[in-house]
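Below is the file entry_38.txt, which contains compact mmCIF, C-alpha atoms.
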# COMPACT_ATOMS: atom_id res chain seq x y z
CA MET I 4 35.65 -13.83 -50.44
CA PRO I 5 34.56 -12.36 -53.74
CA PHE I 6 35.73 -8.85 -54.49
CA ASN I 7 32.14 -7.54 -54.80
CA LEU I 8 31.31 -8.60 -51.25
CA ARG I 9 34.53 -7.12 -49.88
CA PHE I 10 33.85 -3.87 -51.71
CA ALA I 11 30.29 -3.73 -50.33
CA ILE I 12 31.54 -4.40 -46.79
CA PHE I 13 34.12 -1.64 -47.16
CA ILE I 14 31.44 0.82 -48.29
CA VAL I 15 29.20 -0.13 -45.37
CA ALA I 16 32.12 0.33 -42.96
CA CYS I 17 32.83 3.78 -44.42
CA VAL I 18 29.19 4.86 -44.16
CA LEU I 19 29.02 3.56 -40.56
CA ALA I 20 32.26 5.33 -39.62
CA PHE I 21 31.06 8.55 -41.20
CA THR I 22 27.71 8.30 -39.39
CA VAL I 23 29.31 7.61 -36.00
CA MET I 24 31.74 10.50 -36.50
CA ARG I 25 28.92 12.89 -37.37
CA ILE I 26 26.85 11.80 -34.38
CA LEU I 27 29.88 12.28 -32.16
CA HIS I 28 30.66 15.66 -33.71
CA LYS I 29 27.12 16.87 -33.06
CA ASP I 30 27.45 15.74 -29.43
CA MET I 31 24.49 13.45 -29.82
CA ILE I 32 26.30 10.63 -27.99
CA PRO I 33 29.33 10.58 -25.70
CA VAL I 34 32.45 8.80 -26.94
CA LYS I 35 31.96 5.86 -24.59
CA TYR I 36 28.72 4.86 -26.28
CA SER I 37 30.45 4.90 -29.67
CA LEU I 38 33.17 2.43 -28.70
CA LEU I 39 31.12 -0.67 -29.50
CA TRP I 40 30.36 0.82 -32.90
CA TRP I 41 34.05 1.47 -33.57
CA ILE I 42 34.81 -2.16 -32.82
CA ALA I 43 32.15 -3.16 -35.34
CA ILE I 44 33.65 -0.79 -37.92
CA ILE I 45 37.19 -2.08 -37.37
CA ILE I 46 36.06 -5.68 -37.85
CA LEU I 47 34.30 -4.67 -41.08
CA VAL I 48 37.37 -2.87 -42.43
CA VAL I 49 39.68 -5.77 -41.59
CA LEU I 50 37.24 -8.12 -43.31
CA ALA I 51 37.16 -6.01 -46.43
CA LEU I 52 40.90 -5.37 -46.70
CA TRP I 53 42.43 -8.59 -45.32
CA PRO I 54 39.76 -11.28 -45.44
CA ASP I 55 42.48 -13.90 -44.83
CA PHE I 56 42.92 -12.46 -41.39
CA PHE I 57 39.75 -14.26 -40.37
CA LEU I 58 40.46 -17.42 -42.32
CA PHE I 59 42.01 -19.01 -39.26
CA PHE I 60 38.79 -18.53 -37.28
CA VAL I 61 36.63 -19.57 -40.22
CA ASN I 62 38.49 -22.87 -40.36
CA LEU I 63 38.65 -23.25 -36.62
CA LEU I 64 34.91 -22.83 -36.17
CA ARG I 65 34.11 -24.68 -39.42
CA PHE I 66 32.12 -21.91 -41.02
CA GLN I 67 31.30 -22.92 -44.57
CA THR I 68 32.06 -19.49 -45.97
CA THR I 69 33.67 -16.35 -44.64
CA SER I 70 30.47 -14.42 -45.25
CA ASN I 71 28.64 -16.76 -42.85
CA MET I 72 31.14 -15.81 -40.23
CA VAL I 73 30.67 -12.14 -41.01
CA ILE I 74 26.98 -12.51 -40.30
CA GLY I 75 27.71 -14.50 -37.14
CA VAL I 76 30.16 -11.92 -35.85
CA PHE I 77 27.67 -9.16 -36.51
CA ILE I 78 24.87 -10.90 -34.69
CA VAL I 79 27.12 -11.13 -31.64
CA ILE I 80 28.12 -7.46 -31.88
CA LEU I 81 24.49 -6.40 -32.26
CA ILE I 82 23.49 -8.48 -29.23
CA PHE I 83 26.14 -6.67 -27.19
CA ILE I 84 25.02 -3.29 -28.46
CA THR I 85 21.39 -4.12 -27.60
CA MET I 86 22.42 -5.31 -24.17
CA SER I 87 24.35 -2.16 -23.48
CA LEU I 88 21.30 -0.17 -24.60
CA THR I 89 19.12 -2.11 -22.13
CA VAL I 90 21.54 -1.26 -19.35
CA ILE I 91 21.61 2.41 -20.35
CA VAL I 92 17.81 2.63 -20.61
CA SER I 93 17.36 0.98 -17.20
CA SER I 94 19.77 3.31 -15.49
CA GLN I 95 18.03 6.27 -17.16
CA LYS I 96 14.71 4.96 -15.88
CA ASN I 97 16.06 4.80 -12.33
CA LYS I 98 17.34 8.34 -12.58
CA ILE I 99 14.02 9.61 -13.95
CA ASN I 100 12.24 7.80 -11.09
CA LEU I 101 14.47 9.54 -8.59
CA LEU I 102 13.87 12.91 -10.25
CA ILE I 103 10.09 12.48 -10.30
CA GLN I 104 10.13 11.57 -6.61
CA GLU I 105 12.37 14.42 -5.52
CA VAL I 106 10.64 17.05 -7.69
CA SER I 107 7.20 15.90 -6.51
CA MET I 108 8.26 16.08 -2.86
CA LEU I 109 9.76 19.54 -3.32
CA LYS I 110 6.74 20.78 -5.24
CA GLN I 111 4.39 19.54 -2.53
CA GLU I 112 6.49 21.18 0.16
CA ILE I 113 6.33 24.51 -1.65
CA LYS I 114 2.57 24.16 -2.17
CA ASP I 115 1.99 23.27 1.48
CA LYS I 116 4.12 26.21 2.64
CA SER I 117 2.27 28.70 0.47
CA ASN I 118 -1.07 27.39 1.77
CA ASP I 119 -0.09 27.86 5.43
CA MET N 4 8.73 7.11 24.32
CA GLU N 5 6.05 6.62 21.74
CA GLU N 6 7.39 5.65 18.33
CA LYS N 7 6.61 7.96 15.40
CA VAL N 8 4.49 5.95 13.00
CA LEU N 9 3.74 6.93 9.40
CA ILE N 10 1.00 5.40 7.29
CA ILE N 11 1.96 5.45 3.61
CA ILE N 12 -0.98 5.14 1.24
CA PRO N 13 -0.10 4.74 -2.42
CA ALA N 14 -3.10 5.85 -4.48
CA TYR N 15 -3.78 5.53 -8.15
CA ASN N 16 -7.31 6.47 -9.21
CA GLU N 17 -8.80 5.87 -5.76
CA GLU N 18 -11.43 8.65 -5.77
CA GLU N 19 -14.13 6.29 -4.50
CA SER N 20 -12.30 5.02 -1.45
CA ILE N 21 -9.45 7.31 -0.45
CA LEU N 22 -11.56 9.58 1.76
CA ASN N 23 -13.12 6.65 3.64
CA THR N 24 -9.70 5.14 4.16
CA TYR N 25 -8.40 8.41 5.58
CA LYS N 26 -11.43 8.72 7.87
CA THR N 27 -10.72 5.32 9.41
CA ILE N 28 -7.23 6.56 10.30
CA LEU N 29 -8.70 9.70 11.90
CA GLU N 30 -11.08 7.50 13.87
CA TYR N 31 -8.16 5.39 15.01
CA ASN N 32 -6.34 8.49 16.23
CA GLN N 33 -9.40 9.60 18.23
CA THR N 34 -9.70 6.29 20.04
CA HIS N 35 -6.02 5.46 20.63
CA THR N 36 -3.14 7.11 22.42
CA ARG N 37 -0.85 6.26 19.55
CA GLN N 38 -1.16 8.94 16.89
CA LEU N 39 -0.63 7.90 13.29
CA SER N 40 0.70 10.34 10.72
CA THR N 41 -0.49 9.81 7.18
CA ILE N 42 0.96 10.54 3.79
CA VAL N 43 -0.95 9.68 0.63
CA ILE N 44 1.20 9.30 -2.47
CA ASN N 45 -0.98 10.23 -5.39
CA ASP N 46 0.67 8.34 -8.22
CA GLY N 47 -0.42 10.61 -11.05
CA SER N 48 -4.10 9.67 -10.73
CA LYS N 49 -6.29 10.65 -13.67
CA ASP N 50 -9.54 10.86 -11.68
CA LYS N 51 -10.57 13.23 -8.89
CA THR N 52 -8.20 11.74 -6.29
CA GLU N 53 -6.04 14.89 -6.14
CA GLN N 54 -9.09 17.13 -5.79
CA ILE N 55 -10.41 15.01 -2.90
CA LEU N 56 -6.99 15.08 -1.21
CA ILE N 57 -6.81 18.88 -1.43
CA GLU N 58 -10.43 19.56 -0.43
CA ASN N 59 -10.17 17.38 2.66
CA LYS N 60 -6.70 18.62 3.57
CA ILE N 61 -5.30 15.10 3.50
CA PRO N 62 -1.47 15.20 3.73
CA HIS N 63 -0.19 13.98 0.41
CA ILE N 64 2.46 14.16 -2.26
CA GLN N 65 1.30 14.35 -5.83
CA LEU N 66 3.77 12.64 -8.12
CA ILE N 67 4.22 14.70 -11.28
CA HIS N 68 4.19 11.50 -13.31
CA ASN N 69 2.88 7.98 -12.73
CA LEU N 70 5.64 5.80 -11.27
CA GLY N 71 3.80 2.59 -10.44
CA ILE N 72 3.34 1.05 -7.02
CA GLY N 73 7.04 0.60 -6.21
CA GLY N 74 8.05 4.15 -7.06
CA ALA N 75 5.04 5.55 -5.23
CA VAL N 76 5.63 3.61 -2.02
CA GLN N 77 9.32 4.46 -2.15
CA THR N 78 8.41 8.15 -2.22
CA GLY N 79 6.57 7.49 1.04
CA TYR N 80 9.67 5.84 2.52
CA LYS N 81 11.74 8.84 1.46
CA TYR N 82 9.27 11.11 3.20
CA ALA N 83 9.46 8.87 6.28
CA TYR N 84 13.25 8.98 6.24
CA GLU N 85 13.47 12.75 5.81
CA ASN N 86 10.94 13.34 8.57
CA ASP N 87 12.63 10.92 10.96
CA PHE N 88 9.83 8.40 11.43
CA ASP N 89 10.55 5.25 13.44
CA ILE N 90 8.06 2.97 11.74
CA ALA N 91 6.49 3.18 8.29
CA ILE N 92 3.40 1.22 7.33
CA GLN N 93 2.32 0.61 3.78
CA PHE N 94 -1.46 0.71 3.62
CA ASP N 95 -3.81 0.38 0.65
CA GLY N 96 -6.14 3.22 -0.15
CA ASP N 97 -8.89 0.99 -1.54
CA GLY N 98 -10.35 -0.19 1.77
CA GLN N 99 -8.77 -3.65 1.65
CA HIS N 100 -6.82 -3.15 4.85
CA ASP N 101 -8.15 -2.60 8.36
CA ILE N 102 -6.43 0.13 10.36
CA THR N 103 -7.26 -1.50 13.72
CA PHE N 104 -4.57 -4.11 12.98
CA VAL N 105 -1.85 -1.47 13.06
CA ASP N 106 -1.14 -2.20 16.74
CA ALA N 107 -0.64 -5.89 16.03
CA LEU N 108 1.61 -5.01 13.10
CA VAL N 109 3.73 -2.54 15.04
CA ALA N 110 4.12 -4.62 18.24
CA PRO N 111 6.83 -7.06 17.04
CA ILE N 112 8.88 -4.12 15.71
CA GLU N 113 8.55 -2.17 18.96
CA ASN N 114 9.56 -5.25 20.95
CA GLY N 115 12.59 -5.70 18.74
CA ASN N 116 11.38 -9.07 17.48
CA ALA N 117 11.19 -8.04 13.85
CA ASN N 118 12.49 -5.46 11.40
CA MET N 119 9.54 -5.98 9.12
CA THR N 120 6.02 -7.27 9.70
CA ILE N 121 3.58 -8.44 7.06
CA GLY N 122 -0.17 -8.34 7.56
CA SER N 123 -1.15 -11.83 6.52
CA ARG N 124 -4.38 -13.49 5.44
CA PHE N 125 -2.95 -16.96 5.52
CA VAL N 126 -1.38 -17.45 8.94
CA GLU N 127 -3.21 -18.95 11.88
CA GLY N 128 -5.44 -16.46 13.61
CA SER N 129 -6.42 -14.52 10.52
CA THR N 130 -10.15 -13.93 10.48
CA SER N 131 -9.96 -12.76 6.91
CA GLU N 132 -12.83 -14.01 4.82
CA PHE N 133 -11.38 -12.42 1.75
CA LYS N 134 -8.58 -14.72 0.64
CA SER N 135 -8.33 -13.83 -3.05
CA THR N 136 -8.96 -16.19 -5.96
CA LYS N 137 -7.76 -19.81 -6.18
CA ALA N 138 -5.36 -19.03 -9.03
CA ARG N 139 -3.82 -16.13 -7.16
CA GLN N 140 -3.50 -18.18 -3.98
CA MET N 141 -1.61 -20.79 -5.97
CA GLY N 142 0.70 -18.11 -7.32
CA ILE N 143 1.27 -16.78 -3.82
CA ARG N 144 2.09 -20.30 -2.59
CA MET N 145 4.62 -20.71 -5.38
CA ILE N 146 6.35 -17.41 -4.58
CA SER N 147 6.28 -18.38 -0.92
CA GLY N 148 7.99 -21.70 -1.77
CA PHE N 149 10.72 -19.93 -3.72
CA ILE N 150 11.38 -17.51 -0.88
CA LYS N 151 11.55 -20.43 1.57
CA PHE N 152 14.02 -22.25 -0.69
CA PHE N 153 16.40 -19.32 -0.96
CA THR N 154 16.11 -17.78 2.50
CA LYS N 155 15.00 -20.73 4.65
CA VAL N 156 12.18 -18.58 6.00
CA LYS N 157 8.58 -19.58 5.48
CA LEU N 158 6.25 -16.68 4.80
CA TYR N 159 2.69 -17.13 3.63
CA ASP N 160 1.15 -13.88 2.44
CA VAL N 161 4.13 -12.73 0.41
CA THR N 162 2.23 -10.29 -1.81
CA SER N 163 0.42 -8.54 1.02
CA GLY N 164 0.62 -4.76 0.69
CA PHE N 165 -0.08 -4.22 4.39
CA ARG N 166 3.41 -4.07 5.86
CA ALA N 167 5.36 -2.27 8.54
CA ILE N 168 9.10 -1.64 8.61
CA ASP N 169 11.49 -0.26 11.20
CA LYS N 170 13.88 2.67 10.97
CA SER N 171 16.79 0.72 9.51
CA LEU N 172 14.63 -0.53 6.66
CA ILE N 173 13.08 2.90 6.08
CA LYS N 174 16.57 4.12 5.32
CA GLU N 175 17.34 1.13 3.11
CA PHE N 176 14.06 1.28 1.18
CA SER N 177 14.26 5.04 0.70
CA MET N 178 17.48 4.49 -1.19
CA ASN N 179 16.78 1.20 -2.92
CA TYR N 180 13.35 -0.25 -3.57
CA PRO N 181 12.17 -2.40 -6.48
CA THR N 182 9.99 -0.44 -8.90
CA GLU N 183 7.96 -3.39 -10.06
CA TYR N 184 6.38 -6.20 -8.00
CA PRO N 185 7.95 -4.63 -4.90
CA GLU N 186 6.43 -6.72 -2.09
CA PRO N 187 7.86 -10.22 -2.60
CA ILE N 188 11.11 -8.89 -4.03
CA SER N 189 11.87 -6.44 -1.24
CA THR N 190 10.91 -9.08 1.34
CA THR N 191 13.41 -11.51 -0.17
CA ARG N 192 16.12 -8.85 -0.09
CA VAL N 193 15.36 -8.02 3.53
CA LEU N 194 15.62 -11.70 4.50
CA LYS N 195 18.84 -12.08 2.53
CA HIS N 196 20.32 -9.20 4.49
CA GLY N 197 19.68 -11.21 7.63
CA LYS N 198 16.86 -9.03 8.96
CA LYS N 199 13.87 -10.49 10.76
CA VAL N 200 10.47 -10.63 9.11
CA ALA N 201 7.33 -11.62 11.03
CA GLU N 202 3.83 -12.33 9.79
CA VAL N 203 0.87 -11.00 11.71
CA PRO N 204 -2.67 -12.29 11.16
CA VAL N 205 -4.97 -9.58 9.82
CA LYS N 206 -8.39 -9.31 8.30
CA MET N 207 -8.64 -8.08 4.75
CA ASN N 208 -11.73 -6.89 2.93
CA GLU N 209 -12.58 -6.97 -0.68
CA ARG N 210 -11.55 -3.74 -2.34
CA GLN N 211 -14.16 -0.97 -2.28
CA GLY N 212 -13.19 0.77 -5.45
CA GLY N 213 -10.47 1.06 -8.03
CA THR N 214 -8.90 -1.89 -9.76
CA SER N 215 -6.11 -4.12 -8.55
CA SER N 216 -2.71 -3.33 -9.97
CA ILE N 217 -2.42 -7.01 -10.90
CA HIS N 218 -4.66 -7.89 -13.86
CA SER N 219 -5.46 -11.47 -14.65
CA TRP N 220 -3.87 -11.47 -18.10
CA LYS N 221 -0.69 -10.18 -16.57
CA ASN N 222 -0.54 -12.94 -13.98
CA ALA N 223 1.82 -15.23 -15.86
CA TYR N 224 4.11 -12.33 -16.68
CA TYR N 225 3.97 -11.26 -13.04
CA MET N 226 4.89 -14.73 -11.81
CA ILE N 227 7.84 -15.10 -14.20
CA ASN N 228 9.21 -11.72 -13.19
CA VAL N 229 8.80 -12.26 -9.47
CA LEU N 230 10.20 -15.80 -9.46
CA MET N 231 13.20 -14.79 -11.57
CA SER N 232 13.87 -11.82 -9.31
CA ILE N 233 13.78 -14.09 -6.26
CA ILE N 234 16.16 -16.54 -7.92
CA ASN N 235 18.47 -13.69 -8.87
CA ILE N 236 18.53 -12.33 -5.32
CA GLY N 237 18.74 -15.85 -3.91
CA ILE N 238 21.73 -17.19 -5.80
CA TRP N 239 24.05 -14.30 -4.96
CA ARG N 240 25.70 -14.06 -1.60
CA ASP N 241 25.64 -10.67 0.08
Can you present the structure in this file as structure tokens?
Amino acid sequence: MPFNLRFAIFIVACVLAFTVMRILHKDMIPVKYSLLWWIAIIILVVLALWPDFFLFFVNLLRFQTTSNMVIGVFIVILIFITMSLTVIVSSQKNKINLLIQEVSMLKQEIKDKSND
Amino acid sequence: MEEKVLIIIPAYNEEESILNTYKTILEYNQTHTRQLSTIVINDGSKDKTEQILIENKIPHIQLIHNLGIGGAVQTGYKYAYENDFDIAIQFDGDGQHDITFVDALVAPIENGNANMTIGSRFVEGSTSEFKSTKARQMGIRMISGFIKFFTKVKLYDVTSGFRAIDKSLIKEFSMNYPTEYPEPISTTRVLKHGKKVAEVPVKMNERQGGTSSIHSWKNAYYMINVLMSIINIGIWRD
């Protein structure tokens, strides 16, 4: 891989790592939601510093260039991140549903009692 | 001992018909020994539904936010569970359903022949003139075929919203009920759990007011979702 590409990947990894750390520091997300991002960052760093590390896989899967594999790997990681977001959103939706139901029932009970 | 029966009416913008629907239940109570309790679930209606419910002292729960049909009906099941009802009946607030069929719907549950009964337009004995559009009937037949394939039980009016369930299912539904397209999906689950479902012929009218929760342009989307849900429930063993 050309040095320019490796350098760019390293910069991106640093920016990503910095962003994730800041988000974590501000308590905007719990650590468990950051794990997938850390995996992405580690892969990026390895790619930038030891691109030969992936050469085995590049040859095994017959990627024409390492950068093609980088893109491929990232598409897979992003799919997983999106999927985990879908799961999180759905479970949030269920919890909100439950809250709306319980709050509505309670509210009605209070209203009915005060009318009696 | 007489079973405690609750009529659950999910209502979204039903100002034109909700009062009439409630009056038919009051009439039923005057002419029968069985007394039906009612709870209207006002699913965040934007019209005067809430005002009508309050003015006429109709027992109801106003949801603080619109949940859709599944979430609304489930609120009714929760209410039924907390208040120890034996049978809960889902009943439309738009005048489509006829309260006089409640006895027929409840009988198989009281006799222990079914855990769930579905008021059906398509089984023998139904005098229903309103049978929905051709396209929708085809959709219903397709869903019915899928349910038959996965559960070995043939049901005809799988999307009917006129249904009664027993105490065991009240508990189950109050904890876990599909939020979207609830009727065919919950029926499939019930069958998968080895419970008995019976269809009872009923008469249905064309809706008096409001609009159906299933719009024509959403039909294809509806079908894909329902069929995939049935497959997903069907292929897993419980």
### Message
Near chain I, meaning an atom within 12 Å, which residues of chain N appear when counting all atoms listed in the file? Write them as number ranges by chain.
### Response
N: 42-47, 53, 57, 60-83, 85, 177-183
Near region 109-119 of chain N, within 8 Å and counting all atoms listed in the file, which residues show up once chain neighbours fewer than 5 positions away are dropped, as a PDB file with C-alpha atoms, in the coordinates of the input?
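Once everything was written out, this is around.pdb:
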ATOM      1  CA  GLU N   6       7.390   5.650  18.330  1.00  0.00           C
ATOM      2  CA  ILE N  90       8.060   2.970  11.740  1.00  0.00           C
ATOM      3  CA  ARG N 166       3.410  -4.070   5.860  1.00  0.00           C
ATOM      4  CA  ALA N 167       5.360  -2.270   8.540  1.00  0.00           C
ATOM      5  CA  ILE N 168       9.100  -1.640   8.610  1.00  0.00           C
ATOM      6  CA  ASP N 169      11.490  -0.260  11.200  1.00  0.00           C
ATOM      7  CA  SER N 171      16.790   0.720   9.510  1.00  0.00           C
ATOM      8  CA  LEU N 172      14.630  -0.530   6.660  1.00  0.00           C
ATOM      9  CA  LYS N 198      16.860  -9.030   8.960  1.00  0.00           C
ATOM     10  CA  LYS N 199      13.870 -10.490  10.760  1.00  0.00           C
ATOM     11  CA  VAL N 200      10.470 -10.630   9.110  1.00  0.00           C
ATOM     12  CA  ALA N 201       7.330 -11.620  11.030  1.00  0.00           C
TER      13      ALA N 201
END
#### Entry: Atomic distance CA of Ile74 (chain I) - CA of Met31 (chain I), expressed in Å with one decimal
28.1 Å
As a PDB file with C-alpha atoms, in the coordinates of the input, please: the residues near region 51-56 of chain I (cut-off 12 Å, all atoms listed in the file, same-chain neighbours under 5 positions excluded).
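Saved as part24.pdb:
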ATOM      1  CA  MET I   4      35.650 -13.830 -50.440  1.00  0.00           C
ATOM      2  CA  PRO I   5      34.560 -12.360 -53.740  1.00  0.00           C
ATOM      3  CA  PHE I   6      35.730  -8.850 -54.490  1.00  0.00           C
ATOM      4  CA  ASN I   7      32.140  -7.540 -54.800  1.00  0.00           C
ATOM      5  CA  LEU I   8      31.310  -8.600 -51.250  1.00  0.00           C
ATOM      6  CA  ARG I   9      34.530  -7.120 -49.880  1.00  0.00           C
ATOM      7  CA  PHE I  10      33.850  -3.870 -51.710  1.00  0.00           C
ATOM      8  CA  ALA I  11      30.290  -3.730 -50.330  1.00  0.00           C
ATOM      9  CA  ILE I  12      31.540  -4.400 -46.790  1.00  0.00           C
ATOM     10  CA  PHE I  13      34.120  -1.640 -47.160  1.00  0.00           C
ATOM     11  CA  ILE I  14      31.440   0.820 -48.290  1.00  0.00           C
ATOM     12  CA  VAL I  15      29.200  -0.130 -45.370  1.00  0.00           C
ATOM     13  CA  ALA I  16      32.120   0.330 -42.960  1.00  0.00           C
ATOM     14  CA  CYS I  17      32.830   3.780 -44.420  1.00  0.00           C
ATOM     15  CA  ILE I  44      33.650  -0.790 -37.920  1.00  0.00           C
ATOM     16  CA  ILE I  45      37.190  -2.080 -37.370  1.00  0.00           C
ATOM     17  CA  ILE I  46      36.060  -5.680 -37.850  1.00  0.00           C
ATOM     18  CA  VAL I  61      36.630 -19.570 -40.220  1.00  0.00           C
ATOM     19  CA  ASN I  62      38.490 -22.870 -40.360  1.00  0.00           C
ATOM     20  CA  THR I  68      32.060 -19.490 -45.970  1.00  0.00           C
ATOM     21  CA  THR I  69      33.670 -16.350 -44.640  1.00  0.00           C
ATOM     22  CA  SER I  70      30.470 -14.420 -45.250  1.00  0.00           C
ATOM     23  CA  MET I  72      31.140 -15.810 -40.230  1.00  0.00           C
ATOM     24  CA  VAL I  73      30.670 -12.140 -41.010  1.00  0.00           C
TER      25      VAL I  73
END
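Coordinates place CA of Thr103 (chain N) at a distance of 17.3 Å from CA of Ser20 (chain N).
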### Message
When you look at region 186-190 of chain N with a cut-off of 8 Å (counting only C-alpha atoms), what residues show up, excluding the ones that are within fewer than 6 positions of it in the same chain? I need them as a VMD selection string.
### Response
chain N and resid 146 161 to 164 180 200 229 232 to 233
Preceding selection exported with C-alpha atoms as a compact mmCIF listing (two decimals), in the frame of the given file:
# COMPACT_ATOMS: atom_id res chain seq x y z
CA ILE N 146 6.35 -17.41 -4.58
CA VAL N 161 4.13 -12.73 0.41
CA THR N 162 2.23 -10.29 -1.81
CA SER N 163 0.42 -8.54 1.02
CA GLY N 164 0.62 -4.76 0.69
CA TYR N 180 13.35 -0.25 -3.57
CA VAL N 200 10.47 -10.63 9.11
CA VAL N 229 8.80 -12.26 -9.47
CA SER N 232 13.87 -11.82 -9.31
CA ILE N 233 13.78 -14.09 -6.26
Could you pull the residues within 9 Å of Lys7 (chain N), counting all atoms listed in the file, minus those fewer than 3 positions along the same chain, as a short mmCIF file (atom, residue, chain, number, x, y, z; two decimals) with C-alpha atoms, keeping the file's coordinate frame?
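So around06.cif came out as:
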data_model
loop_
_atom_site.label_atom_id
_atom_site.label_comp_id
_atom_site.auth_asym_id
_atom_site.auth_seq_id
_atom_site.Cartn_x
_atom_site.Cartn_y
_atom_site.Cartn_z
CA ARG N 37 -0.85 6.26 19.55
CA GLN N 38 -1.16 8.94 16.89
CA LEU N 39 -0.63 7.90 13.29
CA SER N 40 0.70 10.34 10.72
CA ASP N 87 12.63 10.92 10.96
CA PHE N 88 9.83 8.40 11.43
CA ASP N 89 10.55 5.25 13.44
CA ILE N 90 8.06 2.97 11.74
CA ALA N 91 6.49 3.18 8.29
#
Since the input lacks atoms, please generate N, CA and C atoms for region 10-21 of chain N and provide them as a PDB file, keeping the file's coordinate frame.
ATOM      1  N   ILE N  10       1.761   6.262   8.187  1.00  0.00           N
ATOM      2  CA  ILE N  10       1.000   5.400   7.290  1.00  0.00           C
ATOM      3  C   ILE N  10       1.198   5.915   5.866  1.00  0.00           C
ATOM      4  N   ILE N  11       1.743   5.069   5.007  1.00  0.00           N
ATOM      5  CA  ILE N  11       1.960   5.450   3.610  1.00  0.00           C
ATOM      6  C   ILE N  11       0.868   4.826   2.753  1.00  0.00           C
ATOM      7  N   ILE N  12       0.101   5.669   2.090  1.00  0.00           N
ATOM      8  CA  ILE N  12      -0.980   5.140   1.240  1.00  0.00           C
ATOM      9  C   ILE N  12      -0.698   5.464  -0.219  1.00  0.00           C
ATOM     10  N   PRO N  13      -0.263   4.484  -0.996  1.00  0.00           N
ATOM     11  CA  PRO N  13      -0.100   4.740  -2.420  1.00  0.00           C
ATOM     12  C   PRO N  13      -1.478   4.751  -3.079  1.00  0.00           C
ATOM     13  N   ALA N  14      -1.755   5.761  -3.883  1.00  0.00           N
ATOM     14  CA  ALA N  14      -3.100   5.850  -4.480  1.00  0.00           C
ATOM     15  C   ALA N  14      -3.022   6.129  -5.964  1.00  0.00           C
ATOM     16  N   TYR N  15      -3.643   5.267  -6.723  1.00  0.00           N
ATOM     17  CA  TYR N  15      -3.780   5.530  -8.150  1.00  0.00           C
ATOM     18  C   TYR N  15      -5.255   5.374  -8.519  1.00  0.00           C
ATOM     19  N   ASN N  16      -5.882   6.453  -8.900  1.00  0.00           N
ATOM     20  CA  ASN N  16      -7.310   6.470  -9.210  1.00  0.00           C
ATOM     21  C   ASN N  16      -8.153   5.826  -8.096  1.00  0.00           C
ATOM     22  N   GLU N  17      -8.075   6.402  -6.918  1.00  0.00           N
ATOM     23  CA  GLU N  17      -8.800   5.870  -5.760  1.00  0.00           C
ATOM     24  C   GLU N  17      -9.870   6.850  -5.279  1.00  0.00           C
ATOM     25  N   GLU N  18     -10.483   7.604  -6.185  1.00  0.00           N
ATOM     26  CA  GLU N  18     -11.430   8.650  -5.770  1.00  0.00           C
ATOM     27  C   GLU N  18     -12.593   8.096  -4.938  1.00  0.00           C
ATOM     28  N   GLU N  19     -12.971   6.839  -5.196  1.00  0.00           N
ATOM     29  CA  GLU N  19     -14.130   6.290  -4.500  1.00  0.00           C
ATOM     30  C   GLU N  19     -13.829   5.925  -3.046  1.00  0.00           C
ATOM     31  N   SER N  20     -12.578   5.608  -2.767  1.00  0.00           N
ATOM     32  CA  SER N  20     -12.300   5.020  -1.450  1.00  0.00           C
ATOM     33  C   SER N  20     -11.308   5.785  -0.599  1.00  0.00           C
ATOM     34  N   ILE N  21     -10.561   6.709  -1.198  1.00  0.00           N
ATOM     35  CA  ILE N  21      -9.450   7.310  -0.450  1.00  0.00           C
ATOM     36  C   ILE N  21      -9.931   8.084   0.778  1.00  0.00           C
TER      37      ILE N  21
END
